[in-house]
Amino acid sequence: MTRSSSCCVVGLLFACIACRQPSQSAASSTAAVAISDALAHNMTGVYAGRYSKGMIRLFINYISGNTASGYNIHKGLRRNINGQVEQKGGQLLFVLKEPGGNPYDGTFYITLDTISQKMTGKWIPADTSKAHAGELNLSRVNEPEKDELEELITADWEGDLGKLSFSTGGTVDLEYHPNDDVSAQLMTVHGNYEHQGDTIRIEWQRNSRTPVLKMRLVQKPYVEGSDQVESQLPRLEGSGVKFTKNVAG
């Protein structure tokens, strides 16, 4: 090949490469749109609903630019989540990862509609041999005022299974002594709960203490007794169990 023909080939090669490179304006047009402070403020909050067939709560505490963080609670287990968010039209797209220190950690891929404030998407485990991916359907919720839950969360509820303690954040703990031996180490089972009217639905982490993992309890008020009938303290009943309010709690 002559020198002149070689130069022509090299020139054509560089021309083709240049054609395939995106222009500065094209590259910038595909960059993620930073979330405005006003939108970030409006979209932070609590989102609750279903993960696969169970309940889950997602707390989005922080959005700035294209960074987001918070935590989730599923069956009483709290895991921090951190990652990226970008805006596409009226939607926010999140990719939020759990820390990875738990064998059941994974990543949330979520679309949030900024008008309806509903989340859809899925969670994918980091280790598919430990867990399966699941669909998410969540809605923005307003946390109940403390006085709405005052009796539930300020009381110790005691029963044959142990002692129930509720929080305003949607978690519940069951504390008990194995074999009902008060000298044994106190054990705790964690769960999530939903409160609607006088009904409390609980989903427990896997355990050998509760008769079922999904429990429905009805909150019943104090009943004044009479000469023939003994007074009844406030109680929670359902799923074959009963917890009575500890009057000293």
# chains A, B, ... in the order shown; residues from 1 in each chain; ligands from 1
call {"tool": "residues_around", "arguments": {"residues": "stretch 56-61 of chain A", "least_positions_apart": "5", "cutoff": "6 Å", "atoms": "only C-alpha atoms", "output": "ChimeraX atom specification"}}
result
/A:44-51,70-74
call {"tool": "residues_around", "arguments": {"residues": "stretch 159-174 of chain A", "least_positions_apart": "3", "cutoff": "8 Å", "atoms": "only C-alpha atoms", "output": "PyMOL selection string"}}
result
chain A and resi 57+73+76+143-144+146+149+152-156+177+188-194+202+209-210+241-244
call {"tool": "residues_around", "arguments": {"residues": "A:Val212", "least_positions_apart": "5", "cutoff": "9 Å", "atoms": "only C-alpha atoms", "output": "list in words"}}
result
Glu203, Trp204 and Ser239 of chain A
call {"tool": "write_last_selection", "arguments": {"atoms": "C-alpha atoms", "output": "PDB file, in the first residue's frame"}}
result
ATOM      1  CA  GLU A 203     -46.619 -10.304  60.486  1.00  0.00           C
ATOM      2  CA  TRP A 204     -43.894 -11.976  62.550  1.00  0.00           C
ATOM      3  CA  SER A 239     -55.640 -15.996  66.228  1.00  0.00           C
TER       4      SER A 239
END
call {"tool": "residues_around", "arguments": {"residues": "A:Ser64", "least_positions_apart": "5", "cutoff": "8 Å", "atoms": "only C-alpha atoms", "output": "PyMOL selection string"}}
result
chain A and resi 34-37+40
call {"tool": "residues_around", "arguments": {"residues": "stretch 108-121 of chain A", "least_positions_apart": "3", "cutoff": "9 Å", "atoms": "only C-alpha atoms", "output": "PyMOL selection string"}}
result
chain A and resi 39+42-43+47+81+90-98+124-125+134-140
call {"tool": "write_last_selection", "arguments": {"atoms": "N, CA and C atoms", "output": "PDB file, in the first residue's frame"}}
result
ATOM      1  N   LEU A  39     -39.551  19.286  45.287  1.00  0.00           N
ATOM      2  CA  LEU A  39     -40.061  17.942  45.014  1.00  0.00           C
ATOM      3  C   LEU A  39     -39.490  16.936  46.002  1.00  0.00           C
ATOM      4  N   ASN A  42     -41.423  17.094  49.179  1.00  0.00           N
ATOM      5  CA  ASN A  42     -42.764  16.528  49.065  1.00  0.00           C
ATOM      6  C   ASN A  42     -42.767  15.004  48.975  1.00  0.00           C
ATOM      7  N   MET A  43     -41.695  14.428  48.452  1.00  0.00           N
ATOM      8  CA  MET A  43     -41.670  12.985  48.216  1.00  0.00           C
ATOM      9  C   MET A  43     -41.045  12.180  49.360  1.00  0.00           C
ATOM     10  N   TYR A  47     -43.893   5.043  53.023  1.00  0.00           N
ATOM     11  CA  TYR A  47     -44.694   4.339  52.024  1.00  0.00           C
ATOM     12  C   TYR A  47     -44.917   2.917  52.523  1.00  0.00           C
ATOM     13  N   ILE A  81     -31.234   1.723  53.491  1.00  0.00           N
ATOM     14  CA  ILE A  81     -31.177   1.693  52.040  1.00  0.00           C
ATOM     15  C   ILE A  81     -30.560   2.999  51.534  1.00  0.00           C
ATOM     16  N   GLY A  90     -43.206  12.752  35.277  1.00  0.00           N
ATOM     17  CA  GLY A  90     -43.871  12.792  36.575  1.00  0.00           C
ATOM     18  C   GLY A  90     -43.519  11.624  37.468  1.00  0.00           C
ATOM     19  N   GLN A  91     -42.383  10.987  37.202  1.00  0.00           N
ATOM     20  CA  GLN A  91     -41.986   9.835  37.997  1.00  0.00           C
ATOM     21  C   GLN A  91     -40.577  10.004  38.550  1.00  0.00           C
ATOM     22  N   LEU A  92     -40.359   9.405  39.712  1.00  0.00           N
ATOM     23  CA  LEU A  92     -39.024   9.297  40.273  1.00  0.00           C
ATOM     24  C   LEU A  92     -38.617   7.829  40.219  1.00  0.00           C
ATOM     25  N   LEU A  93     -37.420   7.575  39.716  1.00  0.00           N
ATOM     26  CA  LEU A  93     -36.913   6.217  39.590  1.00  0.00           C
ATOM     27  C   LEU A  93     -35.793   6.008  40.601  1.00  0.00           C
ATOM     28  N   PHE A  94     -35.988   5.062  41.513  1.00  0.00           N
ATOM     29  CA  PHE A  94     -35.032   4.793  42.585  1.00  0.00           C
ATOM     30  C   PHE A  94     -34.325   3.456  42.363  1.00  0.00           C
ATOM     31  N   VAL A  95     -33.035   3.429  42.684  1.00  0.00           N
ATOM     32  CA  VAL A  95     -32.288   2.182  42.835  1.00  0.00           C
ATOM     33  C   VAL A  95     -31.631   2.267  44.205  1.00  0.00           C
ATOM     34  N   LEU A  96     -32.159   1.505  45.164  1.00  0.00           N
ATOM     35  CA  LEU A  96     -31.751   1.619  46.564  1.00  0.00           C
ATOM     36  C   LEU A  96     -31.253   0.270  47.069  1.00  0.00           C
ATOM     37  N   LYS A  97     -30.031   0.268  47.573  1.00  0.00           N
ATOM     38  CA  LYS A  97     -29.405  -0.984  48.010  1.00  0.00           C
ATOM     39  C   LYS A  97     -29.367  -1.080  49.528  1.00  0.00           C
ATOM     40  N   GLU A  98     -29.607  -2.285  50.026  1.00  0.00           N
ATOM     41  CA  GLU A  98     -29.395  -2.580  51.436  1.00  0.00           C
ATOM     42  C   GLU A  98     -27.905  -2.813  51.666  1.00  0.00           C
ATOM     43  N   ILE A 124     -34.867  -7.272  44.517  1.00  0.00           N
ATOM     44  CA  ILE A 124     -34.101  -8.398  44.001  1.00  0.00           C
ATOM     45  C   ILE A 124     -32.986  -8.718  44.992  1.00  0.00           C
ATOM     46  N   PRO A 125     -32.917  -9.966  45.477  1.00  0.00           N
ATOM     47  CA  PRO A 125     -31.893 -10.317  46.467  1.00  0.00           C
ATOM     48  C   PRO A 125     -30.501 -10.342  45.851  1.00  0.00           C
ATOM     49  N   GLY A 134     -39.305 -10.153  44.653  1.00  0.00           N
ATOM     50  CA  GLY A 134     -40.721  -9.930  44.930  1.00  0.00           C
ATOM     51  C   GLY A 134     -41.187  -8.583  44.420  1.00  0.00           C
ATOM     52  N   GLU A 135     -42.467  -8.510  44.047  1.00  0.00           N
ATOM     53  CA  GLU A 135     -43.062  -7.272  43.551  1.00  0.00           C
ATOM     54  C   GLU A 135     -43.447  -6.367  44.718  1.00  0.00           C
ATOM     55  N   LEU A 136     -43.396  -5.054  44.461  1.00  0.00           N
ATOM     56  CA  LEU A 136     -43.745  -4.046  45.460  1.00  0.00           C
ATOM     57  C   LEU A 136     -44.918  -3.209  44.980  1.00  0.00           C
ATOM     58  N   ASN A 137     -45.876  -2.972  45.864  1.00  0.00           N
ATOM     59  CA  ASN A 137     -46.976  -2.049  45.616  1.00  0.00           C
ATOM     60  C   ASN A 137     -47.232  -1.277  46.904  1.00  0.00           C
ATOM     61  N   LEU A 138     -46.797  -0.012  46.935  1.00  0.00           N
ATOM     62  CA  LEU A 138     -46.858   0.793  48.152  1.00  0.00           C
ATOM     63  C   LEU A 138     -47.566   2.116  47.902  1.00  0.00           C
ATOM     64  N   SER A 139     -48.101   2.692  48.955  1.00  0.00           N
ATOM     65  CA  SER A 139     -48.740   4.003  48.881  1.00  0.00           C
ATOM     66  C   SER A 139     -48.221   4.869  50.016  1.00  0.00           C
ATOM     67  N   ARG A 140     -48.209   6.171  49.780  1.00  0.00           N
ATOM     68  CA  ARG A 140     -47.794   7.117  50.820  1.00  0.00           C
ATOM     69  C   ARG A 140     -48.779   7.039  51.979  1.00  0.00           C
TER      70      ARG A 140
END
call {"tool": "select_by_dssp", "arguments": {"residues": "stretch 63-170 of chain A", "states": "strand (DSSP E or B)", "output": "PyMOL selection string"}}
result
chain A and resi 63-65+67-74+77-88+91-97+106-113+118-125+134-141+157-159+162-166
